[in-house]
Amino acid sequence: RGNRDSKPYKRKADGKWVAVGYFPNGKRKPCYGDTAKEAAEKRKQFYAELAADQPITIGNTETLGRYLQTWLDETLAQRVRAGEIEESTQETYRDAVRNHITPHLGKVPMVELGTKHIRRWMLELADKPSGRARTKLQPGETVLPAAPTLSANTQKFLHSVLRKALADAGDDEIIKRNVTLLVNPPSPERRVSTTPTKDQAVALLAAASGDRLWCYWLVVLALGLRRGEGLGLRWSNIDLDAGTVRLDKQISRQRGKGDPGTGKRKGRLVEKKLKTAESQATMKLPDVAAQALRKHRKEQAAEVLAAAVWVDEDLVFTSPAGEALEPRHVNRRWTAVCGLAGVGSFRLHDLRHATATYLVAEGLHPKAIQNQMRHTHLATTNDLYSHVLEEVRDGAAASMNDVLVDLTARARKRANLRPLLHALLQNDHSGCCGSRDRMVG
């Protein structure tokens, strides 16, 4: 036997056989089995994993549920502190683990987790209700419908949460491979964005002209802002003389932690930096938007004088008391504007899509549109607005066709002249070489 390669021995307490292995630093690694042979085989596996620099799986009995709890409380908590992810993202992942991962896979040992577990989990998610079934009939109904099941988008999101957790487990050398990579989630149901036509935009702007947030809607459309970016605008970042605005903050509602007793969450409005470096940019204001902001500043100054209390004098768009606007309140105001305009239902984010769509229709280069929309990748711009870009490409193709028709007609005319000129040269015997040279010239 090799050095420290002792024979397995039988433990008196429970009758288990134990074969002891050793880490390079001399630390013992007991390998258990129901027989001496099984214990010896596990020790061989331990040494093989050690030699291959792989995670040591022998004797690892940690379940997926326990690991995920540690992942949420330590790994993600550290990333929140480091500013890599938002606290709201951590809480969203916590809900996903608690409601949809641990109940199905929590008792499975990490080292035994395989593709069969993931496939079974995905099948269970496909049949899982997305909420409580209704208990009351709606007008015209005779039978209560079944509760809707989890959407393909939700299933894909849950798959991605587990994939990220297991990727960290691989980095921590707890598992050998990430089995979620071997099982594909369902294809997401892609939502086709709706964009107001120019006639509908006219109706929306006319309906919004009497709303207190009229300037907000106009600036969002002019710059293609996201909802929180518009709410986070500050006068100190706007230079109306130069016609520029610096985007660096947003207002959003942050989810609070659940109350241990009631389970209810108490959120709060927060001001935070924009997510990507591309989103943080200095943009040029269209003249119409600059004029609207000048008028809005005068209106706001009058509100400040009339108000008993004004909380924040630097925010561009505020409540009547100078507080940051609640995003859900802004959504409700926008729904009212759509109803007043009689154009159907549009999301506030559809104004951002309208900005890009109108620019594409004007023939602006996709790279310039990417800069205006502050997308990190040009592929995102092309993917979101491919249907409009196709129309522009069709128009470009038609224009190029007109050019080609003219060019080919002129080329055909020149080609017909060439044989005639050649014949004239061959039949010209009356003149001298000099006359022929002059003819060629």
# chains A, B, ... in the order shown; residues from 1 in each chain; ligands from 1
$ select_by_dssp --residues "range 234-310 of chain A" --states "strand (DSSP E or B)" --output "list of chain:residue names"
A:Arg234, A:Ile238, A:Asp239, A:Thr244, A:Val245, A:Arg246, A:Leu247, A:Lys249, A:Gln250, A:Ile251, A:Ser252, A:Arg253, A:Gln254, A:Gly258, A:Arg265, A:Arg268, A:Leu269, A:Val270, A:Glu271, A:Lys272, A:Lys273, A:Ala281, A:Thr282, A:Met283, A:Lys284
$ residues_around --residues "Leu113 in chain A" --least-positions-apart "2" --cutoff "12 Å" --atoms "only C-alpha atoms" --output "ChimeraX atom specification"
/A:57,61-65,105-111,115-121,162,166,174-180
$ closest_residue --among "A:Leu76, A:Leu378, A:Ala82, A:Ala147" --to "Val161 in chain A" --atoms "only C-alpha atoms"
A:Leu76
$ atom_distance --atom1 "CA of Leu315 in chain A" --atom2 "CA of Ser88 in chain A"
23.7 Å
$ residues_around --residues "Glu49 in chain A" --least-positions-apart "5" --cutoff "12 Å" --atoms "only C-alpha atoms" --output "ChimeraX atom specification"
/A:21,23,42-44,54-58,173,175-176
$ closest_atom_pairs --of "range 273-375 of chain A" --to "range 250-254 of chain A" --cutoff "10 Å" --atoms "only C-alpha atoms" --output "Markdown table"
| residue | atom | partner | partner_atom | distance |
| --- | --- | --- | --- | --- |
| A:Lys273 | CA | A:Gln250 | CA | 6.3 |
| A:Leu274 | CA | A:Gln250 | CA | 6.2 |
| A:Lys275 | CA | A:Gln250 | CA | 9.3 |
| A:Ala324 | CA | A:Ile251 | CA | 7.6 |
| A:Leu325 | CA | A:Ile251 | CA | 8.1 |
| A:Glu326 | CA | A:Arg253 | CA | 7.6 |
| A:Pro327 | CA | A:Ser252 | CA | 6.7 |
| A:Arg328 | CA | A:Arg253 | CA | 9.0 |
$ residues_around --residues "Lys37 in chain A" --least-positions-apart "2" --cutoff "12 Å" --atoms "only C-alpha atoms" --output "list in words"
Lys7, Pro8, Tyr9, Lys10, Lys16, Trp17, Val18, Ala19, Cys31, Tyr32, Gly33, Asp34, Thr35, Ala39, Ala40, Glu41, Lys42, Arg43 and Lys44 of chain A
$ write_last_selection --atoms "N, CA, C and O atoms" --output "PDB file, in the first residue's frame"
ATOM      1  N   LYS A   7      -6.055   0.423   5.100  1.00  0.00           N
ATOM      2  CA  LYS A   7      -7.217  -0.381   4.737  1.00  0.00           C
ATOM      3  C   LYS A   7      -8.472   0.228   5.366  1.00  0.00           C
ATOM      4  O   LYS A   7      -8.406   0.825   6.440  1.00  0.00           O
ATOM      5  N   PRO A   8      -9.630   0.115   4.700  1.00  0.00           N
ATOM      6  CA  PRO A   8     -10.880   0.597   5.296  1.00  0.00           C
ATOM      7  C   PRO A   8     -11.153  -0.129   6.608  1.00  0.00           C
ATOM      8  O   PRO A   8     -10.817  -1.312   6.771  1.00  0.00           O
ATOM      9  N   TYR A   9     -11.768   0.581   7.523  1.00  0.00           N
ATOM     10  CA  TYR A   9     -12.133  -0.042   8.794  1.00  0.00           C
ATOM     11  C   TYR A   9     -13.623   0.168   9.043  1.00  0.00           C
ATOM     12  O   TYR A   9     -14.253   1.067   8.496  1.00  0.00           O
ATOM     13  N   LYS A  10     -14.188  -0.676   9.878  1.00  0.00           N
ATOM     14  CA  LYS A  10     -15.613  -0.641  10.162  1.00  0.00           C
ATOM     15  C   LYS A  10     -15.864   0.143  11.447  1.00  0.00           C
ATOM     16  O   LYS A  10     -15.287  -0.154  12.495  1.00  0.00           O
ATOM     17  N   LYS A  16     -20.747   1.547   9.549  1.00  0.00           N
ATOM     18  CA  LYS A  16     -20.270   2.070   8.276  1.00  0.00           C
ATOM     19  C   LYS A  16     -18.781   1.775   8.107  1.00  0.00           C
ATOM     20  O   LYS A  16     -18.016   1.776   9.082  1.00  0.00           O
ATOM     21  N   TRP A  17     -18.384   1.510   6.854  1.00  0.00           N
ATOM     22  CA  TRP A  17     -16.975   1.333   6.536  1.00  0.00           C
ATOM     23  C   TRP A  17     -16.365   2.691   6.174  1.00  0.00           C
ATOM     24  O   TRP A  17     -17.003   3.510   5.512  1.00  0.00           O
ATOM     25  N   VAL A  18     -15.143   2.911   6.626  1.00  0.00           N
ATOM     26  CA  VAL A  18     -14.480   4.197   6.435  1.00  0.00           C
ATOM     27  C   VAL A  18     -13.107   3.966   5.804  1.00  0.00           C
ATOM     28  O   VAL A  18     -12.298   3.180   6.311  1.00  0.00           O
ATOM     29  N   ALA A  19     -12.878   4.655   4.667  1.00  0.00           N
ATOM     30  CA  ALA A  19     -11.553   4.672   4.043  1.00  0.00           C
ATOM     31  C   ALA A  19     -11.055   6.110   4.106  1.00  0.00           C
ATOM     32  O   ALA A  19     -11.705   7.018   3.595  1.00  0.00           O
ATOM     33  N   CYS A  31     -14.018   8.708   3.780  1.00  0.00           N
ATOM     34  CA  CYS A  31     -14.929   8.315   2.710  1.00  0.00           C
ATOM     35  C   CYS A  31     -15.735   7.116   3.204  1.00  0.00           C
ATOM     36  O   CYS A  31     -15.149   6.076   3.544  1.00  0.00           O
ATOM     37  N   TYR A  32     -17.054   7.253   3.261  1.00  0.00           N
ATOM     38  CA  TYR A  32     -17.910   6.250   3.880  1.00  0.00           C
ATOM     39  C   TYR A  32     -18.583   5.368   2.832  1.00  0.00           C
ATOM     40  O   TYR A  32     -18.852   5.790   1.706  1.00  0.00           O
ATOM     41  N   GLY A  33     -18.856   4.118   3.246  1.00  0.00           N
ATOM     42  CA  GLY A  33     -19.565   3.180   2.391  1.00  0.00           C
ATOM     43  C   GLY A  33     -20.198   2.078   3.220  1.00  0.00           C
ATOM     44  O   GLY A  33     -19.828   1.865   4.390  1.00  0.00           O
ATOM     45  N   ASP A  34     -21.158   1.374   2.614  1.00  0.00           N
ATOM     46  CA  ASP A  34     -21.805   0.267   3.325  1.00  0.00           C
ATOM     47  C   ASP A  34     -20.912  -0.965   3.363  1.00  0.00           C
ATOM     48  O   ASP A  34     -21.116  -1.851   4.188  1.00  0.00           O
ATOM     49  N   THR A  35     -19.935  -1.020   2.458  1.00  0.00           N
ATOM     50  CA  THR A  35     -18.978  -2.126   2.443  1.00  0.00           C
ATOM     51  C   THR A  35     -17.573  -1.550   2.353  1.00  0.00           C
ATOM     52  O   THR A  35     -17.383  -0.365   2.015  1.00  0.00           O
ATOM     53  N   ALA A  39     -16.289   1.895   0.266  1.00  0.00           N
ATOM     54  CA  ALA A  39     -15.504   2.958   0.889  1.00  0.00           C
ATOM     55  C   ALA A  39     -14.186   3.170   0.156  1.00  0.00           C
ATOM     56  O   ALA A  39     -13.750   4.307  -0.065  1.00  0.00           O
ATOM     57  N   ALA A  40     -13.537   2.055  -0.261  1.00  0.00           N
ATOM     58  CA  ALA A  40     -12.272   2.162  -0.984  1.00  0.00           C
ATOM     59  C   ALA A  40     -12.481   2.827  -2.353  1.00  0.00           C
ATOM     60  O   ALA A  40     -11.645   3.629  -2.795  1.00  0.00           O
ATOM     61  N   GLU A  41     -13.606   2.500  -3.036  1.00  0.00           N
ATOM     62  CA  GLU A  41     -13.893   3.108  -4.330  1.00  0.00           C
ATOM     63  C   GLU A  41     -14.130   4.608  -4.187  1.00  0.00           C
ATOM     64  O   GLU A  41     -13.711   5.389  -5.043  1.00  0.00           O
ATOM     65  N   LYS A  42     -14.805   5.008  -3.132  1.00  0.00           N
ATOM     66  CA  LYS A  42     -15.036   6.438  -2.918  1.00  0.00           C
ATOM     67  C   LYS A  42     -13.732   7.169  -2.632  1.00  0.00           C
ATOM     68  O   LYS A  42     -13.558   8.324  -3.037  1.00  0.00           O
ATOM     69  N   ARG A  43     -12.805   6.480  -1.959  1.00  0.00           N
ATOM     70  CA  ARG A  43     -11.511   7.128  -1.721  1.00  0.00           C
ATOM     71  C   ARG A  43     -10.752   7.297  -3.037  1.00  0.00           C
ATOM     72  O   ARG A  43     -10.099   8.323  -3.261  1.00  0.00           O
ATOM     73  N   LYS A  44     -10.850   6.313  -3.918  1.00  0.00           N
ATOM     74  CA  LYS A  44     -10.226   6.444  -5.231  1.00  0.00           C
ATOM     75  C   LYS A  44     -10.823   7.622  -6.007  1.00  0.00           C
ATOM     76  O   LYS A  44     -10.101   8.380  -6.662  1.00  0.00           O
TER      77      LYS A  44
END
$ residues_around --residues "range 344-357 of chain A" --least-positions-apart "2" --cutoff "8 Å" --atoms "only C-alpha atoms" --output "JSON, numbers by chain"
{"A": [193, 194, 195, 196, 197, 220, 221, 222, 223, 224, 225, 226, 227, 331, 334, 335, 338, 339, 342, 359, 360, 361, 369, 373, 385, 388]}
$ write_last_selection --atoms "C-alpha atoms" --output "mmCIF file, in the first residue's frame"
data_model
loop_
_atom_site.group_PDB
_atom_site.id
_atom_site.type_symbol
_atom_site.label_atom_id
_atom_site.label_comp_id
_atom_site.auth_asym_id
_atom_site.auth_seq_id
_atom_site.Cartn_x
_atom_site.Cartn_y
_atom_site.Cartn_z
ATOM 1 C CA SER A 193 -44.240 46.680 -29.032
ATOM 2 C CA THR A 194 -47.011 49.027 -30.122
ATOM 3 C CA THR A 195 -46.024 52.468 -31.317
ATOM 4 C CA PRO A 196 -48.380 55.424 -31.711
ATOM 5 C CA THR A 197 -48.660 56.620 -35.281
ATOM 6 C CA VAL A 220 -39.973 61.751 -22.784
ATOM 7 C CA LEU A 221 -41.007 61.664 -26.445
ATOM 8 C CA ALA A 222 -38.368 64.197 -27.534
ATOM 9 C CA LEU A 223 -35.436 62.343 -25.943
ATOM 10 C CA GLY A 224 -36.724 58.764 -25.875
ATOM 11 C CA LEU A 225 -36.443 58.563 -22.082
ATOM 12 C CA ARG A 226 -37.411 55.684 -19.853
ATOM 13 C CA ARG A 227 -40.005 56.488 -17.201
ATOM 14 C CA ASN A 331 -48.732 55.438 -15.235
ATOM 15 C CA TRP A 334 -50.801 58.470 -18.777
ATOM 16 C CA THR A 335 -53.701 56.001 -18.991
ATOM 17 C CA CYS A 338 -54.752 57.929 -23.627
ATOM 18 C CA GLY A 339 -58.436 57.678 -22.745
ATOM 19 C CA GLY A 342 -59.331 58.246 -27.766
ATOM 20 C CA LEU A 359 -36.148 58.653 -36.299
ATOM 21 C CA VAL A 360 -35.882 55.459 -38.333
ATOM 22 C CA ALA A 361 -38.659 56.660 -40.638
ATOM 23 C CA ILE A 369 -30.423 55.914 -33.374
ATOM 24 C CA MET A 373 -31.698 55.520 -27.445
ATOM 25 C CA TYR A 385 -36.934 48.236 -34.533
ATOM 26 C CA VAL A 388 -39.345 49.768 -39.180
#
$ residues_around --residues "Pro286 in chain A" --least-positions-apart "2" --cutoff "12 Å" --atoms "only C-alpha atoms" --output "PyMOL selection string"
chain A and resi 218-224+240+242-245+283-284+288-293
$ write_last_selection --atoms "C-alpha atoms" --output "PDB file, in the first residue's frame"
ATOM      1  CA  LEU A 218     -43.211  65.913 -24.361  1.00  0.00           C
ATOM      2  CA  VAL A 219     -39.645  65.552 -23.001  1.00  0.00           C
ATOM      3  CA  VAL A 220     -39.973  61.751 -22.784  1.00  0.00           C
ATOM      4  CA  LEU A 221     -41.007  61.664 -26.445  1.00  0.00           C
ATOM      5  CA  ALA A 222     -38.368  64.197 -27.534  1.00  0.00           C
ATOM      6  CA  LEU A 223     -35.436  62.343 -25.943  1.00  0.00           C
ATOM      7  CA  GLY A 224     -36.724  58.764 -25.875  1.00  0.00           C
ATOM      8  CA  LEU A 240     -31.254  75.509 -21.618  1.00  0.00           C
ATOM      9  CA  ALA A 242     -26.676  75.330 -24.597  1.00  0.00           C
ATOM     10  CA  GLY A 243     -29.684  73.085 -25.188  1.00  0.00           C
ATOM     11  CA  THR A 244     -28.227  70.057 -23.365  1.00  0.00           C
ATOM     12  CA  VAL A 245     -29.354  67.711 -20.607  1.00  0.00           C
ATOM     13  CA  MET A 283     -28.013  64.708 -24.822  1.00  0.00           C
ATOM     14  CA  LYS A 284     -28.928  67.565 -27.117  1.00  0.00           C
ATOM     15  CA  VAL A 288     -39.284  72.448 -29.009  1.00  0.00           C
ATOM     16  CA  ALA A 289     -38.346  70.518 -25.849  1.00  0.00           C
ATOM     17  CA  ALA A 290     -36.094  73.361 -24.639  1.00  0.00           C
ATOM     18  CA  GLN A 291     -38.920  75.881 -25.080  1.00  0.00           C
ATOM     19  CA  ALA A 292     -41.308  73.560 -23.246  1.00  0.00           C
ATOM     20  CA  LEU A 293     -38.878  73.259 -20.312  1.00  0.00           C
TER      21      LEU A 293
END
$ atom_distance --atom1 "CA of Tyr93 in chain A" --atom2 "CA of Leu125 in chain A"
16.3 Å
$ residues_around --residues "range 308-314 of chain A" --least-positions-apart "5" --cutoff "6 Å" --atoms "only C-alpha atoms" --output "JSON list (two decimals) with N, CA, C and O atoms, in the first residue's frame"
[["chain", "number", "residue", "atom", "x", "y", "z"],
["A", 234, "ARG", "N", -33.01, 66.69, -13.16],
["A", 234, "ARG", "CA", -32.80, 67.80, -12.24],
["A", 234, "ARG", "C", -32.39, 69.04, -13.04],
["A", 234, "ARG", "O", -31.69, 68.95, -14.05],
["A", 235, "TRP", "N", -32.84, 70.20, -12.55],
["A", 235, "TRP", "CA", -32.52, 71.45, -13.23],
["A", 235, "TRP", "C", -31.01, 71.69, -13.29],
["A", 235, "TRP", "O", -30.51, 72.30, -14.24],
["A", 321, "ALA", "N", -46.32, 69.23, -4.05],
["A", 321, "ALA", "CA", -45.56, 69.63, -2.86],
["A", 321, "ALA", "C", -44.06, 69.53, -3.09],
["A", 321, "ALA", "O", -43.27, 69.65, -2.15],
["A", 322, "GLY", "N", -43.64, 69.32, -4.33],
["A", 322, "GLY", "CA", -42.22, 69.27, -4.63],
["A", 322, "GLY", "C", -41.58, 67.93, -4.34],
["A", 322, "GLY", "O", -40.35, 67.84, -4.28],
["A", 323, "GLU", "N", -42.38, 66.89, -4.16],
["A", 323, "GLU", "CA", -41.83, 65.56, -3.90],
["A", 323, "GLU", "C", -41.61, 64.81, -5.22],
["A", 323, "GLU", "O", -42.21, 65.14, -6.24]]
$ atom_distance --atom1 "CA of Ala96 in chain A" --atom2 "CA of Leu158 in chain A"
6.5 Å
$ closest_residue --among "A:Pro320, A:Gly26, A:Gly232, A:Gly363" --to "Val304 in chain A" --atoms "only C-alpha atoms"
A:Pro320
$ select_by_dssp --residues "range 132-229 of chain A" --states "helix (DSSP H, G or I)" --output "PyMOL selection string"
chain A and resi 152-171+179-182+198-208+214-223+227-229
